[in-house]
Amino acid sequence: MSGSHIIVTGASGLLGNAVRVLLEKRGCKVLAVDRSAGQIDGRPVLAADVTDVHALHGLAHEHDIGGIIHCGAFSGPMVAADSPVQMVDVNIVGTANMLELARRVGGVRVVFCSSASAVGPTPEGLSPVTEAVTTNPSTVYGASKVAGEALVSGYRRQFGVDGVSIRISWVYGPRRTTSCVIRQMITDALAGRPTRLPFGKGFPRQFIHVSDAAAALVAAFDHPDLPLNTYNVTGGDFPALDEVAEAVRGIEPRADIALEEGADPGDDLQQRFDISAAARDFGYRPGVSLAEGMTAYRDWLAAQAGEDSE
């Protein structure tokens with residue numbers, strides 16, 4: 001596979017870009033694709049929408065394809081919330097298109113970026129949550145990830161496509177653009193604004209730094225013929241949002257944060273996920289603690305704020 005290209009979809013996004021950077025540092029040939037062509041940090045991104053089968057098969061015609069890491073999708077339930085059919089088209093049909101491309105090319109490894117949202121709310125007392133949990137998505141986004149996992153499994157069993165799904169928890173870190181409570185707390189503090197949330201006290205959330213999420217996807221790509229169809233991946237921490245707020249106060253003294261009792265109405269209440277299978281089968285272990293990741297994120301956000309003010 002050394003002379004082949006690895007397609008990374010969603011390469012202009014938070015996770016796709018991090019995957020591409022990690023692969024290129026290792027000397028891999030990468031075809032970074034997204035809906036629109038462009039550049040990120042001087043690296044080219046090719047135009048190939050995952051719903052455009054002609055563009056995708058054009059890539060296979062022009063390049064030797066040895067693998068696919070599929071990050072290209074609507075990235076959370078907050079995106080396209082009023083366009084569920086579009087969510088289905090991009091997240092489900094787009095995933096089917098990538099798997100069909102792999103089937104037609106043959107011998108292509110596929111890693112699908114799934115989400116903890118596929119699981120939905122978990123029963124109280126069910127901890128840790130293993131990959132065997134019954135999925136119960138509460139959003140169309142979560143349902144689209146369940147469907148993607150099922151497609152990966154179906155293509156694997158029926159057609160022999162070597163695919164695996166990685167269920168990733170809440171990703172935070174540099175370049176995230178969609179809603180993120182960590183970013184909100186830090187940017188408010190840097191700007192001297194108070195943060196007031198009508199929820200969060202006692203509400204747990206499993207964060208993962210973008211670099212760990214990318215490392216998990218690449219590690220899974222490196223290990224063919226994994227025994228499970230789907231793996232849980234988190235940052236290993238299990239803080240309540242008020243604990244996150246306290247950590248932000250520790251790294252940014254200007255932080256003025258107040259949270260009220262209750263669950264985030266835009267998120268599922270989930271128990272701690274078990275990530276031991278990912279450690280056992282492809283060596284994934286979180287490399288960035290929440291404290292370390294938040295400190296580095298604060299520094300990056302502060303630098304960005306400084307650039308914007310110049």
# chains A, B, ... in the order shown; residues from 1 in each chain; ligands from 1

call {"tool": "select_by_dssp", "arguments": {"residues": "region 3-151 of chain A", "states": "strand (DSSP E or B)", "output": "ChimeraX atom specification"}}
result
/A:5-9,29-34,38-40,43-47,65-70,109-115,129

call {"tool": "closest_atom_pairs", "arguments": {"of": "region 214-280 of chain A", "to": "region 169-189 of chain A", "cutoff": "8 Å", "atoms": "only C-alpha atoms", "output": "tab-separated table"}}
result
residue	atom	partner	partner_atom	distance
A:Val233	CA	A:Ser169	CA	6.5
A:Thr234	CA	A:Ser169	CA	5.3
A:Gly235	CA	A:Ser169	CA	7.8
A:Val244	CA	A:Ile182	CA	7.5
A:Ala245	CA	A:Met185	CA	7.2
A:Val248	CA	A:Ile186	CA	6.7
A:Glu252	CA	A:Ala189	CA	6.8
A:Arg254	CA	A:Ala189	CA	5.4
A:Ala255	CA	A:Ala189	CA	4.4
A:Asp256	CA	A:Ala189	CA	6.7
A:Ile257	CA	A:Met185	CA	7.2

call {"tool": "write_last_selection", "arguments": {"atoms": "all heavy atoms", "output": "compact mmCIF listing (two decimals), in the first residue's frame"}}
result
# COMPACT_ATOMS: atom_id res chain seq x y z
N VAL A 233 -14.35 4.99 21.26
CA VAL A 233 -13.14 5.79 21.47
C VAL A 233 -13.52 7.08 22.19
O VAL A 233 -14.38 7.83 21.70
CB VAL A 233 -12.44 6.10 20.14
CG1 VAL A 233 -11.38 7.18 20.33
CG2 VAL A 233 -11.80 4.86 19.54
N THR A 234 -12.93 7.32 23.34
CA THR A 234 -13.13 8.57 24.09
C THR A 234 -11.78 9.07 24.57
O THR A 234 -10.75 8.44 24.34
CB THR A 234 -14.05 8.37 25.32
OG1 THR A 234 -13.30 7.71 26.36
CG2 THR A 234 -15.28 7.54 24.98
N GLY A 235 -11.80 10.21 25.27
CA GLY A 235 -10.57 10.74 25.84
C GLY A 235 -10.22 10.13 27.17
O GLY A 235 -9.19 10.49 27.76
N VAL A 244 -15.72 20.65 34.36
CA VAL A 244 -15.04 21.30 33.24
C VAL A 244 -14.93 22.80 33.50
O VAL A 244 -13.88 23.40 33.27
CB VAL A 244 -15.81 21.03 31.93
CG1 VAL A 244 -15.21 21.83 30.78
CG2 VAL A 244 -15.80 19.54 31.61
N ALA A 245 -16.00 23.39 33.99
CA ALA A 245 -15.98 24.82 34.30
C ALA A 245 -14.91 25.14 35.34
O ALA A 245 -14.18 26.14 35.24
CB ALA A 245 -17.35 25.27 34.80
N VAL A 248 -11.58 25.15 33.71
CA VAL A 248 -11.36 26.38 32.94
C VAL A 248 -10.96 27.52 33.87
O VAL A 248 -10.05 28.30 33.56
CB VAL A 248 -12.62 26.75 32.13
CG1 VAL A 248 -12.46 28.13 31.49
CG2 VAL A 248 -12.89 25.70 31.05
N GLU A 252 -7.66 29.80 33.41
CA GLU A 252 -7.97 31.16 32.97
C GLU A 252 -8.66 31.90 34.11
O GLU A 252 -9.88 31.79 34.29
CB GLU A 252 -8.85 31.13 31.72
CG GLU A 252 -9.16 32.50 31.13
CD GLU A 252 -7.91 33.37 31.00
OE1 GLU A 252 -7.00 32.99 30.25
OE2 GLU A 252 -7.86 34.42 31.67
N ARG A 254 -9.71 34.75 34.62
CA ARG A 254 -10.79 35.69 34.31
C ARG A 254 -12.13 34.98 34.11
O ARG A 254 -13.16 35.65 33.95
CB ARG A 254 -10.44 36.48 33.04
CG ARG A 254 -9.29 37.45 33.20
CD ARG A 254 -8.88 38.04 31.88
NE ARG A 254 -8.20 37.06 31.03
CZ ARG A 254 -7.72 37.32 29.81
NH1 ARG A 254 -7.90 38.53 29.29
NH2 ARG A 254 -7.10 36.39 29.13
N ALA A 255 -12.13 33.68 34.11
CA ALA A 255 -13.36 32.94 33.82
C ALA A 255 -14.43 33.20 34.88
O ALA A 255 -14.19 33.08 36.08
CB ALA A 255 -13.06 31.45 33.74
N ASP A 256 -15.61 33.56 34.43
CA ASP A 256 -16.78 33.78 35.28
C ASP A 256 -17.90 32.89 34.72
O ASP A 256 -18.59 33.26 33.78
CB ASP A 256 -17.17 35.26 35.25
CG ASP A 256 -18.44 35.54 36.04
OD1 ASP A 256 -18.89 34.65 36.79
OD2 ASP A 256 -19.00 36.65 35.88
N ILE A 257 -18.04 31.70 35.30
CA ILE A 257 -18.91 30.68 34.73
C ILE A 257 -19.94 30.25 35.77
O ILE A 257 -19.60 29.97 36.92
CB ILE A 257 -18.11 29.44 34.29
CG1 ILE A 257 -16.97 29.84 33.33
CG2 ILE A 257 -19.02 28.41 33.63
CD1 ILE A 257 -15.97 28.73 33.07

call {"tool": "atom_distance", "arguments": {"atom1": "CA of Val133 (chain A)", "atom2": "CA of Gly148 (chain A)"}}
result
16.4 Å

call {"tool": "residues_around", "arguments": {"residues": "Pro128 (chain A)", "least_positions_apart": "2", "cutoff": "10 Å", "atoms": "only C-alpha atoms", "output": "ChimeraX atom specification"}}
result
/A:125-126,130-131,133,270-275

call {"tool": "residues_around", "arguments": {"residues": "Arg26 (chain A)", "least_positions_apart": "4", "cutoff": "12 Å", "atoms": "only C-alpha atoms", "output": "PyMOL selection string"}}
result
chain A and resi 2+19-22+30+215+218+222

call {"tool": "write_last_selection", "arguments": {"atoms": "C-alpha atoms", "output": "PDB file, in the first residue's frame"}}
result
ATOM      1  CA  SER A   2       3.068   2.262   0.173  1.00  0.00           C
ATOM      2  CA  VAL A  19      -6.241  12.773  10.090  1.00  0.00           C
ATOM      3  CA  ARG A  20      -4.680  14.094   6.894  1.00  0.00           C
ATOM      4  CA  VAL A  21      -1.916  15.895   8.808  1.00  0.00           C
ATOM      5  CA  LEU A  22      -1.131  12.791  10.840  1.00  0.00           C
ATOM      6  CA  VAL A  30      -3.198  11.346   0.881  1.00  0.00           C
ATOM      7  CA  ALA A 215      -4.821   8.960  16.200  1.00  0.00           C
ATOM      8  CA  VAL A 218      -5.278   6.068  11.919  1.00  0.00           C
ATOM      9  CA  ASP A 222      -3.231   0.348  10.446  1.00  0.00           C
TER      10      ASP A 222
END

call {"tool": "residues_around", "arguments": {"residues": "region 31-45 of chain A", "least_positions_apart": "5", "cutoff": "6 Å", "atoms": "only C-alpha atoms", "output": "PyMOL selection string"}}
result
chain A and resi 6-11

call {"tool": "write_last_selection", "arguments": {"atoms": "all heavy atoms", "output": "PDB file, in the first residue's frame"}}
result
ATOM      1  N   ILE A   6      -4.370   7.215   0.236  1.00  0.00           N
ATOM      2  CA  ILE A   6      -5.443   7.072   1.213  1.00  0.00           C
ATOM      3  C   ILE A   6      -6.389   8.249   1.019  1.00  0.00           C
ATOM      4  O   ILE A   6      -5.976   9.409   1.137  1.00  0.00           O
ATOM      5  CB  ILE A   6      -4.912   7.053   2.652  1.00  0.00           C
ATOM      6  CG1 ILE A   6      -3.897   5.921   2.835  1.00  0.00           C
ATOM      7  CG2 ILE A   6      -6.060   6.906   3.650  1.00  0.00           C
ATOM      8  CD1 ILE A   6      -3.144   5.987   4.154  1.00  0.00           C
ATOM      9  N   ILE A   7      -7.644   7.961   0.720  1.00  0.00           N
ATOM     10  CA  ILE A   7      -8.636   9.030   0.617  1.00  0.00           C
ATOM     11  C   ILE A   7      -9.082   9.418   2.026  1.00  0.00           C
ATOM     12  O   ILE A   7      -9.459   8.555   2.822  1.00  0.00           O
ATOM     13  CB  ILE A   7      -9.865   8.583  -0.193  1.00  0.00           C
ATOM     14  CG1 ILE A   7      -9.484   8.273  -1.645  1.00  0.00           C
ATOM     15  CG2 ILE A   7     -10.958   9.657  -0.159  1.00  0.00           C
ATOM     16  CD1 ILE A   7     -10.647   7.752  -2.489  1.00  0.00           C
ATOM     17  N   VAL A   8      -9.036  10.695   2.328  1.00  0.00           N
ATOM     18  CA  VAL A   8      -9.587  11.228   3.578  1.00  0.00           C
ATOM     19  C   VAL A   8     -10.718  12.160   3.194  1.00  0.00           C
ATOM     20  O   VAL A   8     -10.490  13.218   2.589  1.00  0.00           O
ATOM     21  CB  VAL A   8      -8.533  11.975   4.416  1.00  0.00           C
ATOM     22  CG1 VAL A   8      -9.178  12.566   5.673  1.00  0.00           C
ATOM     23  CG2 VAL A   8      -7.387  11.036   4.803  1.00  0.00           C
ATOM     24  N   THR A   9     -11.947  11.764   3.510  1.00  0.00           N
ATOM     25  CA  THR A   9     -13.094  12.617   3.202  1.00  0.00           C
ATOM     26  C   THR A   9     -13.308  13.612   4.346  1.00  0.00           C
ATOM     27  O   THR A   9     -12.852  13.405   5.462  1.00  0.00           O
ATOM     28  CB  THR A   9     -14.366  11.786   2.996  1.00  0.00           C
ATOM     29  OG1 THR A   9     -14.695  11.131   4.231  1.00  0.00           O
ATOM     30  CG2 THR A   9     -14.175  10.755   1.906  1.00  0.00           C
ATOM     31  N   GLY A  10     -14.001  14.703   4.023  1.00  0.00           N
ATOM     32  CA  GLY A  10     -14.208  15.737   5.036  1.00  0.00           C
ATOM     33  C   GLY A  10     -12.909  16.392   5.462  1.00  0.00           C
ATOM     34  O   GLY A  10     -12.755  16.811   6.608  1.00  0.00           O
ATOM     35  N   ALA A  11     -11.961  16.502   4.518  1.00  0.00           N
ATOM     36  CA  ALA A  11     -10.607  16.939   4.869  1.00  0.00           C
ATOM     37  C   ALA A  11     -10.515  18.410   5.244  1.00  0.00           C
ATOM     38  O   ALA A  11      -9.489  18.844   5.779  1.00  0.00           O
ATOM     39  CB  ALA A  11      -9.651  16.641   3.714  1.00  0.00           C
TER      40      ALA A  11
END

call {"tool": "atom_distance", "arguments": {"atom1": "CA of Cys113 (chain A)", "atom2": "CA of Tyr297 (chain A)"}}
result
22.7 Å

call {"tool": "residues_around", "arguments": {"residues": "Phe221 (chain A)", "least_positions_apart": "3", "cutoff": "8 Å", "atoms": "only C-alpha atoms", "output": "list in words"}}
result
Ile69, Arg109, Val110, Val111, Leu217, Val218 and Pro224 of chain A

call {"tool": "write_last_selection", "arguments": {"atoms": "all heavy atoms", "output": "PDB file, in the first residue's frame"}}
result
ATOM      1  N   ILE A  69     -10.355   6.744   4.814  1.00  0.00           N
ATOM      2  CA  ILE A  69     -10.778   7.141   6.165  1.00  0.00           C
ATOM      3  C   ILE A  69     -11.893   8.157   5.962  1.00  0.00           C
ATOM      4  O   ILE A  69     -11.660   9.274   5.495  1.00  0.00           O
ATOM      5  CB  ILE A  69      -9.621   7.699   7.005  1.00  0.00           C
ATOM      6  CG1 ILE A  69      -8.509   6.635   7.131  1.00  0.00           C
ATOM      7  CG2 ILE A  69     -10.128   8.122   8.388  1.00  0.00           C
ATOM      8  CD1 ILE A  69      -7.336   7.071   7.985  1.00  0.00           C
ATOM      9  N   ARG A 109      -9.024  -0.761   2.421  1.00  0.00           N
ATOM     10  CA  ARG A 109      -9.411  -0.674   3.829  1.00  0.00           C
ATOM     11  C   ARG A 109     -10.244   0.577   4.048  1.00  0.00           C
ATOM     12  O   ARG A 109      -9.919   1.661   3.534  1.00  0.00           O
ATOM     13  CB  ARG A 109      -8.159  -0.611   4.692  1.00  0.00           C
ATOM     14  CG  ARG A 109      -8.446  -0.467   6.178  1.00  0.00           C
ATOM     15  CD  ARG A 109      -7.859  -1.642   6.932  1.00  0.00           C
ATOM     16  NE  ARG A 109      -8.027  -1.502   8.375  1.00  0.00           N
ATOM     17  CZ  ARG A 109      -9.074  -1.976   9.016  1.00  0.00           C
ATOM     18  NH1 ARG A 109     -10.036  -2.588   8.370  1.00  0.00           N
ATOM     19  NH2 ARG A 109      -9.156  -1.848  10.324  1.00  0.00           N
ATOM     20  N   VAL A 110     -11.328   0.457   4.824  1.00  0.00           N
ATOM     21  CA  VAL A 110     -12.220   1.584   5.099  1.00  0.00           C
ATOM     22  C   VAL A 110     -12.396   1.749   6.595  1.00  0.00           C
ATOM     23  O   VAL A 110     -12.748   0.793   7.299  1.00  0.00           O
ATOM     24  CB  VAL A 110     -13.615   1.374   4.451  1.00  0.00           C
ATOM     25  CG1 VAL A 110     -14.511   2.579   4.743  1.00  0.00           C
ATOM     26  CG2 VAL A 110     -13.486   1.152   2.952  1.00  0.00           C
ATOM     27  N   VAL A 111     -12.142   2.959   7.077  1.00  0.00           N
ATOM     28  CA  VAL A 111     -12.423   3.302   8.468  1.00  0.00           C
ATOM     29  C   VAL A 111     -13.505   4.373   8.457  1.00  0.00           C
ATOM     30  O   VAL A 111     -13.333   5.437   7.853  1.00  0.00           O
ATOM     31  CB  VAL A 111     -11.172   3.809   9.204  1.00  0.00           C
ATOM     32  CG1 VAL A 111     -11.522   4.250  10.624  1.00  0.00           C
ATOM     33  CG2 VAL A 111     -10.100   2.721   9.239  1.00  0.00           C
ATOM     34  N   LEU A 217      -8.396   6.859  14.646  1.00  0.00           N
ATOM     35  CA  LEU A 217      -8.797   6.488  13.291  1.00  0.00           C
ATOM     36  C   LEU A 217      -7.619   5.916  12.504  1.00  0.00           C
ATOM     37  O   LEU A 217      -7.761   4.916  11.789  1.00  0.00           O
ATOM     38  CB  LEU A 217      -9.374   7.706  12.567  1.00  0.00           C
ATOM     39  CG  LEU A 217     -10.717   8.221  13.100  1.00  0.00           C
ATOM     40  CD1 LEU A 217     -11.075   9.550  12.434  1.00  0.00           C
ATOM     41  CD2 LEU A 217     -11.826   7.209  12.876  1.00  0.00           C
ATOM     42  N   VAL A 218      -6.456   6.545  12.647  1.00  0.00           N
ATOM     43  CA  VAL A 218      -5.278   6.068  11.919  1.00  0.00           C
ATOM     44  C   VAL A 218      -4.803   4.729  12.472  1.00  0.00           C
ATOM     45  O   VAL A 218      -4.404   3.832  11.719  1.00  0.00           O
ATOM     46  CB  VAL A 218      -4.160   7.126  11.959  1.00  0.00           C
ATOM     47  CG1 VAL A 218      -2.865   6.578  11.366  1.00  0.00           C
ATOM     48  CG2 VAL A 218      -4.597   8.382  11.195  1.00  0.00           C
ATOM     49  N   PRO A 224      -5.620  -4.203   9.988  1.00  0.00           N
ATOM     50  CA  PRO A 224      -6.672  -4.833   9.181  1.00  0.00           C
ATOM     51  C   PRO A 224      -7.318  -6.000   9.913  1.00  0.00           C
ATOM     52  O   PRO A 224      -6.776  -6.535  10.882  1.00  0.00           O
ATOM     53  CB  PRO A 224      -5.910  -5.318   7.943  1.00  0.00           C
ATOM     54  CG  PRO A 224      -4.502  -5.516   8.414  1.00  0.00           C
ATOM     55  CD  PRO A 224      -4.275  -4.450   9.448  1.00  0.00           C
TER      56      PRO A 224
END

call {"tool": "closest_residue", "arguments": {"among": "A:Phe74, A:Tyr231, A:Trp300, A:Tyr155", "to": "Gly142 (chain A)", "atoms": "only C-alpha atoms"}}
result
A:Phe74

call {"tool": "residues_around", "arguments": {"residues": "Pro204 (chain A)", "least_positions_apart": "6", "cutoff": "7 Å", "atoms": "only C-alpha atoms", "output": "ChimeraX atom specification"}}
result
/A:238-241

call {"tool": "select_by_dssp", "arguments": {"residues": "region 33-271 of chain A", "states": "alpha helix (DSSP H)", "output": "VMD selection string"}}
result
chain A and resid 53 to 62 84 to 87 94 to 105 140 to 159 181 to 191 210 to 222 241 to 251

call {"tool": "closest_residue", "arguments": {"among": "A:Ile251, A:Leu59, A:Leu259, A:Ala214", "to": "Asp299 (chain A)", "atoms": "only C-alpha atoms"}}
result
A:Ile251

call {"tool": "closest_residue", "arguments": {"among": "A:Leu197, A:Val161, A:Ile208, A:Ala150", "to": "Asp225 (chain A)", "atoms": "only C-alpha atoms"}}
result
A:Val161

call {"tool": "atom_distance", "arguments": {"atom1": "CA of Ala81 (chain A)", "atom2": "CA of Gly163 (chain A)"}}
result
28.3 Å

call {"tool": "closest_residue", "arguments": {"among": "A:Pro265, A:Gly192, A:Gly250, A:Gly72", "to": "Ala47 (chain A)", "atoms": "only C-alpha atoms"}}
result
A:Gly72

call {"tool": "decode", "arguments": {"residues": "region 53-64 of chain A", "atoms": "N, CA, C and O atoms", "output": "compact mmCIF listing (two decimals), in the first residue's frame"}}
result
# COMPACT_ATOMS: atom_id res chain seq x y z
N VAL A 53 -21.20 10.42 -6.91
CA VAL A 53 -20.52 9.15 -7.23
C VAL A 53 -19.56 9.31 -8.40
O VAL A 53 -18.53 8.63 -8.46
N HIS A 54 -19.87 10.21 -9.34
CA HIS A 54 -19.00 10.38 -10.50
C HIS A 54 -17.66 10.98 -10.08
O HIS A 54 -16.61 10.53 -10.56
N ALA A 55 -17.70 11.96 -9.21
CA ALA A 55 -16.45 12.55 -8.74
C ALA A 55 -15.62 11.54 -7.95
O ALA A 55 -14.40 11.46 -8.09
N LEU A 56 -16.30 10.73 -7.14
CA LEU A 56 -15.59 9.74 -6.33
C LEU A 56 -14.93 8.68 -7.21
O LEU A 56 -13.76 8.33 -7.00
N HIS A 57 -15.66 8.20 -8.19
CA HIS A 57 -15.08 7.17 -9.06
C HIS A 57 -14.04 7.76 -10.00
O HIS A 57 -13.13 7.04 -10.45
N GLY A 58 -14.13 9.07 -10.24
CA GLY A 58 -13.08 9.74 -10.99
C GLY A 58 -11.76 9.71 -10.23
O GLY A 58 -10.69 9.55 -10.83
N LEU A 59 -11.82 9.85 -8.92
CA LEU A 59 -10.60 9.75 -8.11
C LEU A 59 -9.96 8.37 -8.26
O LEU A 59 -8.74 8.24 -8.40
N ALA A 60 -10.79 7.34 -8.23
CA ALA A 60 -10.27 5.97 -8.35
C ALA A 60 -9.69 5.72 -9.74
O ALA A 60 -8.77 4.92 -9.89
N HIS A 61 -10.24 6.40 -10.74
CA HIS A 61 -9.73 6.25 -12.11
C HIS A 61 -8.38 6.93 -12.27
O HIS A 61 -7.50 6.42 -12.99
N GLU A 62 -8.18 8.04 -11.56
CA GLU A 62 -6.96 8.84 -11.72
C GLU A 62 -5.85 8.45 -10.76
O GLU A 62 -4.68 8.77 -10.99
N HIS A 63 -6.19 7.77 -9.65
CA HIS A 63 -5.20 7.49 -8.62
C HIS A 63 -5.31 6.03 -8.17
O HIS A 63 -6.39 5.43 -8.23
N ASP A 64 -4.20 5.51 -7.70
CA ASP A 64 -4.21 4.18 -7.09
C ASP A 64 -4.70 4.33 -5.65
O ASP A 64 -4.06 4.99 -4.84
